[in-house]
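Asks: Here's a structure for you.
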Amino acid sequence: MEEHLSLANYLSSLNEPQRQAVLHQQGPLMIIAGAGSGKTRALTYRIAYLIQQGVDPFNILALTFTNKAAREMRQRIEQILGGSVQRLWMGTFHSIFARILRTEASLLGYTSEFTIYDTEDSKSLLKSVIHEMELDDRIYKVNTVFARISAAKNRLISWQSYLSNPSFLKEDEESAKPKLGEIYKNYVQRCFKANAMDFDDLLFNVNVLFRDHPEVLKKYQTRFEHLLIDEFQDTNLAQYLATRSLAALHQNICVVGDDAQSIYAFRGADIRNILNFAKDYPQATVIRLEQNYRSTKRIVAVANKVIAHNKYQLPKTVWTANEEGEPIEIIRAATDIDEGRLIASSIFELKMRYQAHNRDFAVLYRTHAQSRVFEEALRRLNINYRVYGGLSFYQRKEIKDLIAYFRFTINQQDEEAFRRIVNLPRRGIGESTVQKILLAAAENNVSIGEVIAQPEYFLGKSRINAAITDFAEMIKDFAKVMQQKNAYETALYIAKNSGLLRELYEDKTIEGRVRYENVHELLNAIKEFVDDSQQEDKSLAAFLHQVALLTSTDENDKENTDVVSLMTIHQAKGLEFNFVYIVGMEEGIFPSSMISTQAEMEEERRLFYVAITRAAKRLTISYALQRYRYGELEPSEPSSFLEEIDYRHVRMGRVNQVGFIDKQRLVQHPTVESDSPKLLSKDFAEKTNVPKNLISPPTSVYIHKPSAHFVASDLSKLKEGMRVEHLRFGFGTVVSVDLKSSERRAVIHFDQVGEKTLLLNFAKLMIIE
DNA sequence: AATTTGTGTATTTTT
DNA sequence: TACACAAATT
């Protein structure tokens, strides 16, 4: 255990502006914190200092954007103060606002047990709404409609004001989607009926609460003497106005941010919030943290030069006293597959040269889809890695299913939960019966729970009523158990008696086993929750409140923590690595081809800035000259951002070139000089007339979806007797392979699964000799 | 009802 | 390409 240091000792480790930020007394304060300038340190010390000065933690509210940031900050404060600060309200905007809304729910017509719909629930409900309105779901695409509604809520535009605003209506008319406003209205009303809020509602409804109930606002205003907001540049209007209301009484609002790292405009973040803070609070103190403690001089210089191309930003000069460091390396690869190989071998080399750990390395890319080639290349070199993102544990189907049982038991108006579980396992209650139940609930203005309790009264006589009654009785039983038992006992009871666990147990396929284990993992998590002495409320509802706002990045780290991190640049924000690789620096990828406006281009550039400034010791940037896109090998060109780099700090790294630089001809007539022709794919060979003998047999098959179906990309590789290892599900021997007519799918018989056949559909298989 | 084949669509970032 | 979903087929 580290020896406990006094706050004074901590303070002496700060530089002058940091100390000013910590010691600032009353009134609004804005801390403009350049990348790597110790912003989190300043913020945590400030909170610790306030508490040490006698401010009750109960009167402090600290808001972050991620659970992880909140958790880490709390830990550091506790470390400094040498004790727990339970009473301190520190959390994400969403979790803190949810807490406030649960307390005040009745004022807005919800119960305090309202459900939080995640994006999947929201989109599913939206889909039902669009269908029921008999609209064409090819015109009203769920994703587009959802994005529109979300944007409206983030800008605090209610459905009422949306429908009464001629310019919105005109805009929708022109984009051939005149019913958008109506959909918005119906969606909101359905959520309300389900006693549910989506993520955006948590922000929106707090504003409604504060606007319509001044006495409630007053209560929180009085309570929160100090308000601190991290990553202020990422706040949207709803977040901004809510916090401004909260701070209006004491005016002790401290915001920390860096306009140069604002990268979330696409989900409503408004950079003007930070640019205009000084205008909103004329008496605000502004402190700049400009000394970077993280990166080498060269990395800082390159980052500064890149961001200087942006027009809209607060003036500041980030500098560092760190060593000069190595030049930034730029690697050009022939294809994306080669790029993966080059990066992996570079990691291998640097590990040796610097005696570094895997965890010192990060590969950063623009989109999740780019991770694949790096995964493979790292696997080939036996370097452990972890891909961040993708489905979080709590988004897996089997987990959501069980949680839906919990949700519906708690909130019997929860339409989406009901839909998930009513026929799972099969009870003979099909889609049409579900529709009737929902309709009856809406028409009679009662909850789903009430309808299924008396099916004959609400739905009339039907042979299905018996099944409905059985289901209703089961839920009633669950509710009773929930009243008496803690979260773990209740969850176990529900898992067993719902039939869910049995169904999964009976599924003997490999994935079925994984699902069964996942459910047990969930039950374990609930057990840990119950056993946690810090946790006062041990009900299942309390557990659900906690997990509703978790994301994939919040998960407990796996046993093996010494891994190379593969993640999007967005996910890397706030992190730091000694060795950073920014990969796929190609026009159309980064900057993305999806952007059109100048403002978006500036945000894209800030994203590049964020990526560069993650690196402490060494930065490598790579791009490929050809890349597989939608199955075709296409020429690719270096990103225009590369032109903005200060080349005095650059060393051109290994160039892996195939044939000519002329891109047109490259695709047609490459001369293979690559030292490992086995990395070329069959497609590539066919397209480019590479002699067949240069292509060694493939060694691996990809499978993407580790669910009900496996897929093999090149099924001809799979032969009888072959031992096959799966990344996640262990291995087995292929007994036989039946190719289907499409030749893209096949049924593979494995020894371990016995007679059961699996449809292979592109998972991660490795063929062992 | 379960399995197989066909089709459409998205390829930007996420609390 | 590659995945989800719908439709067709057993």
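If you're wondering about the labels, chains in the structure tokens are A, B, ... by order shown, residues count from 1 in each chain, ligands from 1 in order shown.
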Would you give me, as number ranges by chain, the residues in region 252-445 of chain A that DSSP reads as strand (DSSP E)?
Replies: A: 253-257, 285-289, 291-292, 319-320, 328-335, 361-365, 385-387
Asks: Tell me, counting only C-alpha atoms (C1' of nucleotides), for each residue of chain A within 8 Å of chain B, which pair of atoms is nearest and how far apart they are in Å to one decimal, in rows ordered by chain and increasing number, as JSON lines.
Replies:
```
{"residue": "A:Phe65", "atom": "CA", "partner": "B:DT15", "partner_atom": "C1'", "distance": 6.7}
{"residue": "A:Thr66", "atom": "CA", "partner": "B:DT15", "partner_atom": "C1'", "distance": 7.0}
{"residue": "A:His94", "atom": "CA", "partner": "B:DT15", "partner_atom": "C1'", "distance": 7.0}
{"residue": "A:Phe199", "atom": "CA", "partner": "B:DT15", "partner_atom": "C1'", "distance": 7.4}
{"residue": "A:Tyr264", "atom": "CA", "partner": "B:DT13", "partner_atom": "C1'", "distance": 7.4}
{"residue": "A:Phe266", "atom": "CA", "partner": "B:DT13", "partner_atom": "C1'", "distance": 7.6}
{"residue": "A:Arg267", "atom": "CA", "partner": "B:DT14", "partner_atom": "C1'", "distance": 7.8}
{"residue": "A:Arg366", "atom": "CA", "partner": "B:DT12", "partner_atom": "C1'", "distance": 7.5}
{"residue": "A:Thr367", "atom": "CA", "partner": "B:DT12", "partner_atom": "C1'", "distance": 6.3}
{"residue": "A:Leu549", "atom": "CA", "partner": "B:DT15", "partner_atom": "C1'", "distance": 7.7}
{"residue": "A:His570", "atom": "CA", "partner": "B:DT13", "partner_atom": "C1'", "distance": 6.3}
{"residue": "A:Ser592", "atom": "CA", "partner": "B:DT12", "partner_atom": "C1'", "distance": 7.3}
{"residue": "A:Met594", "atom": "CA", "partner": "B:DT12", "partner_atom": "C1'", "distance": 7.6}
```
Asks: Hey, list the chain C side of the contact with chain A: 9 Å cut-off, only C-alpha atoms (C1' of nucleotides), answer as a PDB file with C-alpha atoms (C1' of nucleotides), in the first residue's frame.
Replies:
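Written file, out36.pdb:
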```pdb
ATOM      1  C1'  DT C   1     -18.026  -8.143 -47.801  1.00  0.00           C
ATOM      2  C1'  DA C   2     -20.910  -9.614 -44.290  1.00  0.00           C
ATOM      3  C1'  DC C   3     -24.643  -9.413 -41.619  1.00  0.00           C
TER       4       DC C   3
END
```
Asks: Quick one: residues within 12 Å of Ile263 (chain A), only C-alpha atoms (C1' of nucleotides) counted, chain neighbours fewer than 3 positions away excluded, as a ChimeraX atom specification?
Replies: /A:231-236,257-260,266-271,569-573,599-611 /B:12-14
Asks: Store the residues picked out above in a file with C-alpha atoms (C1' of nucleotides), as a PDB file, in the first residue's frame.
Replies:
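Once written, result_3.pdb looks like this:
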```pdb
ATOM      1  CA  GLU A 231     -14.835  17.448 -20.511  1.00  0.00           C
ATOM      2  CA  PHE A 232     -16.995  20.520 -20.751  1.00  0.00           C
ATOM      3  CA  GLN A 233     -16.410  20.815 -24.494  1.00  0.00           C
ATOM      4  CA  ASP A 234     -18.548  17.696 -24.951  1.00  0.00           C
ATOM      5  CA  THR A 235     -21.711  19.034 -23.320  1.00  0.00           C
ATOM      6  CA  ASN A 236     -24.823  19.455 -25.406  1.00  0.00           C
ATOM      7  CA  GLY A 257     -12.186  21.170 -20.917  1.00  0.00           C
ATOM      8  CA  ASP A 258     -10.233  21.554 -24.078  1.00  0.00           C
ATOM      9  CA  ASP A 259     -11.959  22.935 -27.122  1.00  0.00           C
ATOM     10  CA  ALA A 260      -9.272  21.272 -29.226  1.00  0.00           C
ATOM     11  CA  PHE A 266     -22.373  14.270 -33.937  1.00  0.00           C
ATOM     12  CA  ARG A 267     -24.243  13.442 -30.789  1.00  0.00           C
ATOM     13  CA  GLY A 268     -25.169  16.965 -29.961  1.00  0.00           C
ATOM     14  CA  ALA A 269     -22.087  18.332 -28.213  1.00  0.00           C
ATOM     15  CA  ASP A 270     -21.878  22.044 -28.816  1.00  0.00           C
ATOM     16  CA  ILE A 271     -18.426  23.521 -28.787  1.00  0.00           C
ATOM     17  CA  ILE A 569      -9.817   7.235 -31.458  1.00  0.00           C
ATOM     18  CA  HIS A 570     -13.022   8.256 -29.719  1.00  0.00           C
ATOM     19  CA  GLN A 571     -12.557   5.510 -27.192  1.00  0.00           C
ATOM     20  CA  ALA A 572      -8.941   6.489 -26.645  1.00  0.00           C
ATOM     21  CA  LYS A 573      -9.827   9.950 -25.427  1.00  0.00           C
ATOM     22  CA  ALA A 599     -17.219  22.512 -39.061  1.00  0.00           C
ATOM     23  CA  GLU A 600     -17.222  18.755 -39.456  1.00  0.00           C
ATOM     24  CA  MET A 601     -13.793  18.891 -41.044  1.00  0.00           C
ATOM     25  CA  GLU A 602     -12.529  20.843 -38.071  1.00  0.00           C
ATOM     26  CA  GLU A 603     -13.966  18.246 -35.730  1.00  0.00           C
ATOM     27  CA  GLU A 604     -12.263  15.548 -37.754  1.00  0.00           C
ATOM     28  CA  ARG A 605      -9.006  17.419 -37.366  1.00  0.00           C
ATOM     29  CA  ARG A 606      -9.524  17.655 -33.627  1.00  0.00           C
ATOM     30  CA  LEU A 607      -9.974  13.910 -33.683  1.00  0.00           C
ATOM     31  CA  PHE A 608      -6.576  13.598 -35.296  1.00  0.00           C
ATOM     32  CA  TYR A 609      -5.220  15.898 -32.610  1.00  0.00           C
ATOM     33  CA  VAL A 610      -6.682  13.689 -29.912  1.00  0.00           C
ATOM     34  CA  ALA A 611      -5.081  10.636 -31.514  1.00  0.00           C
TER      35      ALA A 611
ATOM     36  C1'  DT B  12     -18.464   7.134 -38.229  1.00  0.00           C
ATOM     37  C1'  DT B  13     -17.762   8.231 -33.828  1.00  0.00           C
ATOM     38  C1'  DT B  14     -21.453   6.555 -28.263  1.00  0.00           C
TER      39       DT B  14
END
```
Asks: Contacts of Ala176 (chain A) at 12 Å or less, counting only C-alpha atoms (C1' of nucleotides), minus same-chain residues fewer than 4 places along, as an MDAnalysis selection string?
Replies: chainID A and resid 136 138:140 169:172 180
Asks: Distance CA of Gln626 (chain A)-CA of Arg380 (chain A), one decimal place?
Replies: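 Going from CA of Gln626 (chain A) over to CA of Arg380 (chain A) covers 21.5 Å.
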Asks: Env of Gly460 (chain A): 12 Å cut, atoms = only C-alpha atoms (C1' of nucleotides), seq-sep filter 3 positions within chain, self excluded. Answer as a list in words.
Replies: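 These residues fall inside the cut-off: Thr433, Lys436, Ile437, Ala440, Val451, Ile452, Gln454, Pro455, Glu456, Tyr457, Arg463, Ile464 and Asn465 of chain A.
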Asks: Include N, CA and C atoms and write out the residues we just selected as an mmCIF file, in the first residue's frame.
Replies:
```
data_model
loop_
_atom_site.group_PDB
_atom_site.id
_atom_site.type_symbol
_atom_site.label_atom_id
_atom_site.label_comp_id
_atom_site.auth_asym_id
_atom_site.auth_seq_id
_atom_site.Cartn_x
_atom_site.Cartn_y
_atom_site.Cartn_z
ATOM 1 N N THR A 433 -50.937 -12.134 -30.770
ATOM 2 C CA THR A 433 -51.448 -12.017 -29.400
ATOM 3 C C THR A 433 -50.779 -10.846 -28.677
ATOM 4 N N LYS A 436 -52.380 -7.716 -29.684
ATOM 5 C CA LYS A 436 -53.696 -7.540 -29.035
ATOM 6 C C LYS A 436 -53.530 -7.055 -27.602
ATOM 7 N N ILE A 437 -52.561 -7.636 -26.917
ATOM 8 C CA ILE A 437 -52.347 -7.255 -25.515
ATOM 9 C C ILE A 437 -51.940 -5.786 -25.423
ATOM 10 N N ALA A 440 -54.876 -3.556 -26.196
ATOM 11 C CA ALA A 440 -55.817 -3.516 -25.086
ATOM 12 C C ALA A 440 -55.293 -2.633 -23.960
ATOM 13 N N VAL A 451 -53.482 -6.187 -18.072
ATOM 14 C CA VAL A 451 -54.158 -6.900 -19.163
ATOM 15 C C VAL A 451 -53.925 -8.400 -19.047
ATOM 16 N N ILE A 452 -52.686 -8.790 -18.831
ATOM 17 C CA ILE A 452 -52.424 -10.233 -18.813
ATOM 18 C C ILE A 452 -52.939 -10.889 -17.527
ATOM 19 N N GLN A 454 -55.923 -10.366 -16.435
ATOM 20 C CA GLN A 454 -57.314 -10.721 -16.736
ATOM 21 C C GLN A 454 -57.508 -10.802 -18.251
ATOM 22 N N PRO A 455 -56.928 -11.785 -18.871
ATOM 23 C CA PRO A 455 -56.974 -11.843 -20.338
ATOM 24 C C PRO A 455 -58.406 -11.931 -20.867
ATOM 25 N N GLU A 456 -59.256 -12.648 -20.145
ATOM 26 C CA GLU A 456 -60.608 -12.833 -20.675
ATOM 27 C C GLU A 456 -61.367 -11.513 -20.700
ATOM 28 N N TYR A 457 -61.161 -10.720 -19.661
ATOM 29 C CA TYR A 457 -61.855 -9.439 -19.565
ATOM 30 C C TYR A 457 -61.407 -8.489 -20.670
ATOM 31 N N ARG A 463 -58.303 -19.499 -26.820
ATOM 32 C CA ARG A 463 -57.598 -20.673 -26.299
ATOM 33 C C ARG A 463 -56.215 -20.292 -25.773
ATOM 34 N N ILE A 464 -55.727 -19.088 -26.172
ATOM 35 C CA ILE A 464 -54.396 -18.673 -25.736
ATOM 36 C C ILE A 464 -54.416 -18.140 -24.302
ATOM 37 N N ASN A 465 -55.615 -17.810 -23.836
ATOM 38 C CA ASN A 465 -55.714 -17.190 -22.515
ATOM 39 C C ASN A 465 -55.027 -17.998 -21.416
#
```
Asks: Tell me which of A:Tyr281, A:Val142, A:Gln86, A:Lys153 sits closest to Gln535 (chain A), counting only C-alpha atoms.
Replies: A:Gln86
Asks: CA of Asn67 (chain A) to CA of Ser392 (chain A): how many Å, to one decimal?
Replies: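 Atom-to-atom, CA of Asn67 (chain A) to CA of Ser392 (chain A), that is 14.1 Å.
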Asks: Quote the spacing between CA of His368 (chain A) and CA of Arg627 (chain A) in Å to one decimal place.
Replies: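 Taking CA of His368 (chain A) as the start and CA of Arg627 (chain A) as the end point, the length is 15.3 Å.
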Asks: List as a ChimeraX atom specification the protein and nucleic acid residues near Asp56 (chain A), meaning an atom at most 10 Å away when only C-alpha atoms (C1' of nucleotides) are counted, but skip any in the same chain fewer than 2 places from it.
Replies: /A:50-54,58-60,85,87-88,224-226
Asks: Tell me which protein, DNA and RNA residues are within 10 Å of Leu500 (chain A), counting only C-alpha atoms (C1' of nucleotides), leaving out same-chain ones fewer than 3 positions away, and put them as a PyMOL selection string.
Replies: chain A and resi 398+401-402+405+421+424-425+494-497+503-505+516+519
Asks: Would you return as a ChimeraX atom specification the members of region 336-512 of chain A that DSSP assigns to helix (DSSP H, G or I) on this structure's backbone?
Replies: /A:336-354,358-360,368-380,393-395,397-410,415-421,431-444,448-453,455-459,465-484,487-497,500-506,510-512
